[in-house]
There are 2 protein chains.
Amino acid sequence: MALVVQKFGGTSVANPERIRNVAKRVAKYFDQGDDMVVILSAMAGVTDNLIGLANEMAELPDRREMDVLLATGEQTTAALLAMTLKSMNYPAMSLLGFQAEVMTDCTYCNARIVDIGAERIRELIAERNIVVVAGFQGMDRNGNITTLGRGGSDTSAVAIAAALNADKCEIFTDVDGVYTADPNVCGKARKLDKISCEEMLEMASLGAKVLHIRSVEFALKHSVPLYVRSSFSEEEGTMVVNGDHDMERPVVSGVTYTKNEARITLKKVPDQPGIAAKIFAPVAESGINVDMIIQNTRASGETDLTFTVLKGDFKRAMDIGRQISENIGAEEVMGDENIAKVSVTGIGMKSHTGVASKMFSALAAENINIIMISTSEIRISCVVEEGKAELAVRALHTAFGLDA
Amino acid sequence: MALVVQKFGGTSVANPERIRNVAKRVAKYFDQGDDMVVILSAMAGVTDNLIGLANEMAELPDRREMDVLLATGEQTTAALLAMTLKSMNYPAMSLLGFQAEVMTDCTYCNARIVDIGAERIRELIAERNIVVVAGFQGMDRNGNITTLGRGGSDTSAVAIAAALNADKCEIFTDVDGVYTADPNVCGKARKLDKISCEEMLEMASLGAKVLHIRSVEFALKHSVPLYVRSSFSEEEGTMVVNGDHDMERPVVSGVTYTKNEARITLKKVPDQPGIAAKIFAPVAESGINVDMIIQNTRASGETDLTFTVLKGDFKRAMDIGRQISENIGAEEVMGDENIAKVSVTGIGMKSHTGVASKMFSALAAENINIIMISTSEIRISCVVEEGKAELAVRALHTAFGLDA
């Protein structure tokens with residue numbers, strides 16, 4: 001008998017039929033004697049519809065109210081699953097973020113979990129209830145509703161698993177595990193049986209849509225045994241393990257891409273000490289995550305500064321960029337939403353050289369222009385034209401010997 | 001400068017355009033210096049869609065989970081209105097039922113407000129915010145979400161107005177006031193400038209869709225100055241006044257009908273003392289409201305017992321009826337959902353006779369069969385075949401001299 005936390009994503013609860021399937025799967029575990037806590041996302045498409053509705057009401061929708069709005073998506077699926085389980089004569093109860101005491105900071109639309117007072121969940125489990133928790137949402141210390149950012153339900157699941165000291169946390173999604181690349185883009189992609197938290201972290205942050213990045217951070221920090229599995233099959237999936245799990249590994253484990261970012265360039269920024277802080281402090285204060293930052297100094301002693309943000313933050317970031325530009329006397333602010341970031345990731349990179357040059361050559365061979373570059377110990381990312389992203393993924397998958 | 005509580009119904013917030021109009025109307029009051037609290041319903045049709053979804057998941061959806069589900073409707077509109085006001089540069093903030101401390105009993109789907117700890121609303125008003133409250137929803141003492149039953153947002157509005165000691169409570173709806181009959185059914189219906197709380201109470205309980213019955217009870221009990229107005233015009237609307245407001249009044253003020261009820265008959269019930277209690281105690285315990293009750297004793301010493309419930313409770317009531325029937329040894333349980341209740345209401349009835357016979361004659365003249373009859377001091381109701389409801393309304397409107 002184990003305590004199992006399962007999370008089902010948007011495609012897994014996209015309609016009544018699928019919610020019924022989730023109920024059956026959960027019930028099977030419960031019948032085996034496991035204690036079950038189920039975390040749900042909103043039905044696929046619902047969050048986007050709500051964002052569309054908000055954009056109809058306001059050019060820059062208030063972020064507090066956006067969270068009130070978006071939280072309805074997970075509230076809906078949690079209620080529907082709980083009533084389905086009850087109609088199957090299983091004891092079940094839904095809890096919203098505030099009821100499960102998922103306490104977050106006050107960063108609306110991108111809040112971080114600071115604590116989970118899982119008391120009520122524990123009580124309900126002790127009474128042998130299946131506890132269904134609305135993912136993605138929490139409450140700040142003033143009683144406001146917050147949400148955890150896109151994909152945040154994964155983080156809800158892992159954080160709740162950590163708080164409950166669960167035996168495992170299974171993330172059910174529409175793919176049957178973590179792949180060397182997105183199989184929709186790269187026909188030769190292969191499923192990985194295991195992946196290290198470190199790699200998963202890089203890949204998640206780079207757009208492997210399988211897991212929300214903060215969920216992997218949580219799993220790493222709290223040693224939550226984490227599995228990625230398919231809602232639509234009984235296959236084993238991918239286990240996300242702590243540390244360097246295999247002795248022999250290919251240099252690159254996976255190729256990922258994301259079209260979720262946009263690029264902002266401040267032109268002819270005075271090249272003075274402290275200027276970067278002046279630029280990025282107001283951006284950070286408004287809760288906007290900056291990903292890549294690149295600075296090119298011109299001969300004239302001025303500098304061009306380019307950074308990327310999530311597309312959802314682009315309008316706000318541009319507004320802030322314009323203010324900053326005025327304050328510091330930059331020449332111009334330019335934005336570009338038509339970019340994609342393509343990355344190769346692998347723990348093997350630590351002990352291998354030449355990965356970057358191989359990547360640049362492979363892209364060059366396909367005539368793909370590289371707009372920005374950034375690297376970490378186990379990852380190299382290139383920003384390219386949006387339309388070239390898929391081609392780049394396939395080229396890199398082949399170049400690094402990942403093809404099935 | 002007044003404290004004004006305004007409630008907008010589902011058709012008033014049915015789409016982004018209409019929500020914008022509500023925002024403009026609220027802003028106009030606010031600009032005049034009034035303190036504003038706005039209570040919203042779900043977008044027209046949304047609650048029905050959610051109920052449909054629940055019925056797809058479970059034959060008898062769990063009522064606690066139903067409330068979690070339904071509460072999303074008002075959460076959505078509250079967030080959308082608040083963000084619209086903010087984008088117009090008005091200080092606004094949404095509050096859900098639990099945040100506004102709308103405390104209710106534990107009767108899911110039909111909860112009663114027991115207290116409103118309007119502290120947070122008062123604070124926000126004091127800071128000159130427009131406070132937008134999600135109607136229809138509250139929280140019980142265990143932190144569960146509850147809803148107040150169909151039309152409950154009216155009650156939210158009047159209860160919040162009472163708690164805040166507001167100067168007035170305006171209910172904005174898709175009609176421009178209270179009519180002598182539903183203008184969609186009876187072309188000759190006229191708008192009333194004033195109506196007594198007493199009459200409004202009877203008419204509300206009889207299906208005049210203008211006001212939720214408990215909202216009128218609240219207004220009566222707490223002397224809340226209550227107005228019914230149209231969202232789509234600047235007209236004065238109808239004032240709901242305490243007491244007998246006019247010296248000269250027609251005997252009948254209005255003709256109403258409802259198709260919201262269903263009929264259940266227990267056949268050949270043993271005619272013993274205490275039998276009615278045995279029947280209605282379990283019905284009441286399950287939170288089902290019974291409206292009309294009729295008992296006909298047969299020559300054999302047995303009795304047929306018929307009662308009506310809301311259609312939404314029909315399935316559950318039939319289940320309970322079957323159990324009761326077994327327990328007490330009744331012969332059979334029959335149900336009929338194809339009924340309508342037609343009523344005439346008027347304070348003038350207190351001092352006039354012959355109203356009932358006039359009503360029966362008018363229905364007979366149209367060949368409409370009367371299935372059940374019930375009366376109060378100021379009202380007479382007849383249950384008729386569902387398809388005859390509109391014809392009955394028109395016939396009674398003419399018979400009682402209400403035609404414009």
# chains A, B, ... in the order shown; residues from 1 in each chain; ligands from 1

call {"tool": "select_by_dssp", "arguments": {"residues": "range 163-229 of chain B", "states": "alpha helix (DSSP H)", "output": "PyMOL selection string"}}
result
chain B and resi 163-164+197-205+213-222

call {"tool": "write_last_selection", "arguments": {"atoms": "C-alpha atoms", "output": "mmCIF file, in the first residue's frame"}}
result
data_model
loop_
_atom_site.group_PDB
_atom_site.id
_atom_site.type_symbol
_atom_site.label_atom_id
_atom_site.label_comp_id
_atom_site.auth_asym_id
_atom_site.auth_seq_id
_atom_site.Cartn_x
_atom_site.Cartn_y
_atom_site.Cartn_z
ATOM 1 C CA ALA B 163 -24.767 43.785 5.591
ATOM 2 C CA LEU B 164 -23.281 47.055 4.302
ATOM 3 C CA CYS B 197 -42.672 43.230 -1.007
ATOM 4 C CA GLU B 198 -45.518 40.901 -0.121
ATOM 5 C CA GLU B 199 -46.775 40.671 -3.688
ATOM 6 C CA MET B 200 -43.246 40.468 -5.051
ATOM 7 C CA LEU B 201 -42.593 37.604 -2.678
ATOM 8 C CA GLU B 202 -45.581 35.674 -3.955
ATOM 9 C CA MET B 203 -44.813 36.497 -7.568
ATOM 10 C CA ALA B 204 -41.141 35.605 -7.205
ATOM 11 C CA SER B 205 -41.995 32.271 -5.665
ATOM 12 C CA ILE B 213 -37.588 34.819 -3.711
ATOM 13 C CA ARG B 214 -35.035 34.835 -0.903
ATOM 14 C CA SER B 215 -33.741 38.199 -2.076
ATOM 15 C CA VAL B 216 -37.196 39.667 -1.495
ATOM 16 C CA GLU B 217 -37.412 38.022 1.930
ATOM 17 C CA PHE B 218 -34.059 39.604 2.766
ATOM 18 C CA ALA B 219 -35.171 43.003 1.484
ATOM 19 C CA LEU B 220 -38.362 42.771 3.545
ATOM 20 C CA LYS B 221 -36.584 41.649 6.701
ATOM 21 C CA HIS B 222 -33.725 44.145 6.522
#

call {"tool": "interface_residues", "arguments": {"of": "chain A", "to": "chain B", "cutoff": "6 Å", "atoms": "only C-alpha atoms", "output": "PyMOL selection string"}}
result
chain A and resi 57-58+61-62+65+68-69+72+76+79+83-84+87

call {"tool": "atom_distance", "arguments": {"atom1": "CA of Arg150 in chain B", "atom2": "CA of Asn110 in chain B"}}
result
8.0 Å

call {"tool": "select_by_dssp", "arguments": {"residues": "range 102-210 of chain B", "states": "strand (DSSP E or B)", "output": "ChimeraX atom specification"}}
result
/B:102-104,113-116,130-134,137-139,145-147,168-173,178-179,191-192,194-196

call {"tool": "atom_distance", "arguments": {"atom1": "CA of Ala2 in chain A", "atom2": "CA of Phe232 in chain A"}}
result
22.7 Å

call {"tool": "atom_distance", "arguments": {"atom1": "CA of Ile324 in chain A", "atom2": "CA of Gly52 in chain A"}}
result
28.5 Å

call {"tool": "closest_residue", "arguments": {"among": "A:Ala181, A:Val46, A:Ile116, A:Val309", "to": "Val290 in chain A", "atoms": "only C-alpha atoms"}}
result
A:Val309

call {"tool": "residues_around", "arguments": {"residues": "Lys188 in chain B", "least_positions_apart": "3", "cutoff": "12 Å", "atoms": "only C-alpha atoms", "output": "JSON, numbers by chain"}}
result
{"B": [179, 180, 181, 182, 183, 184, 185, 191, 254, 255, 393, 394, 395, 396, 397, 398, 401, 402, 403, 404]}
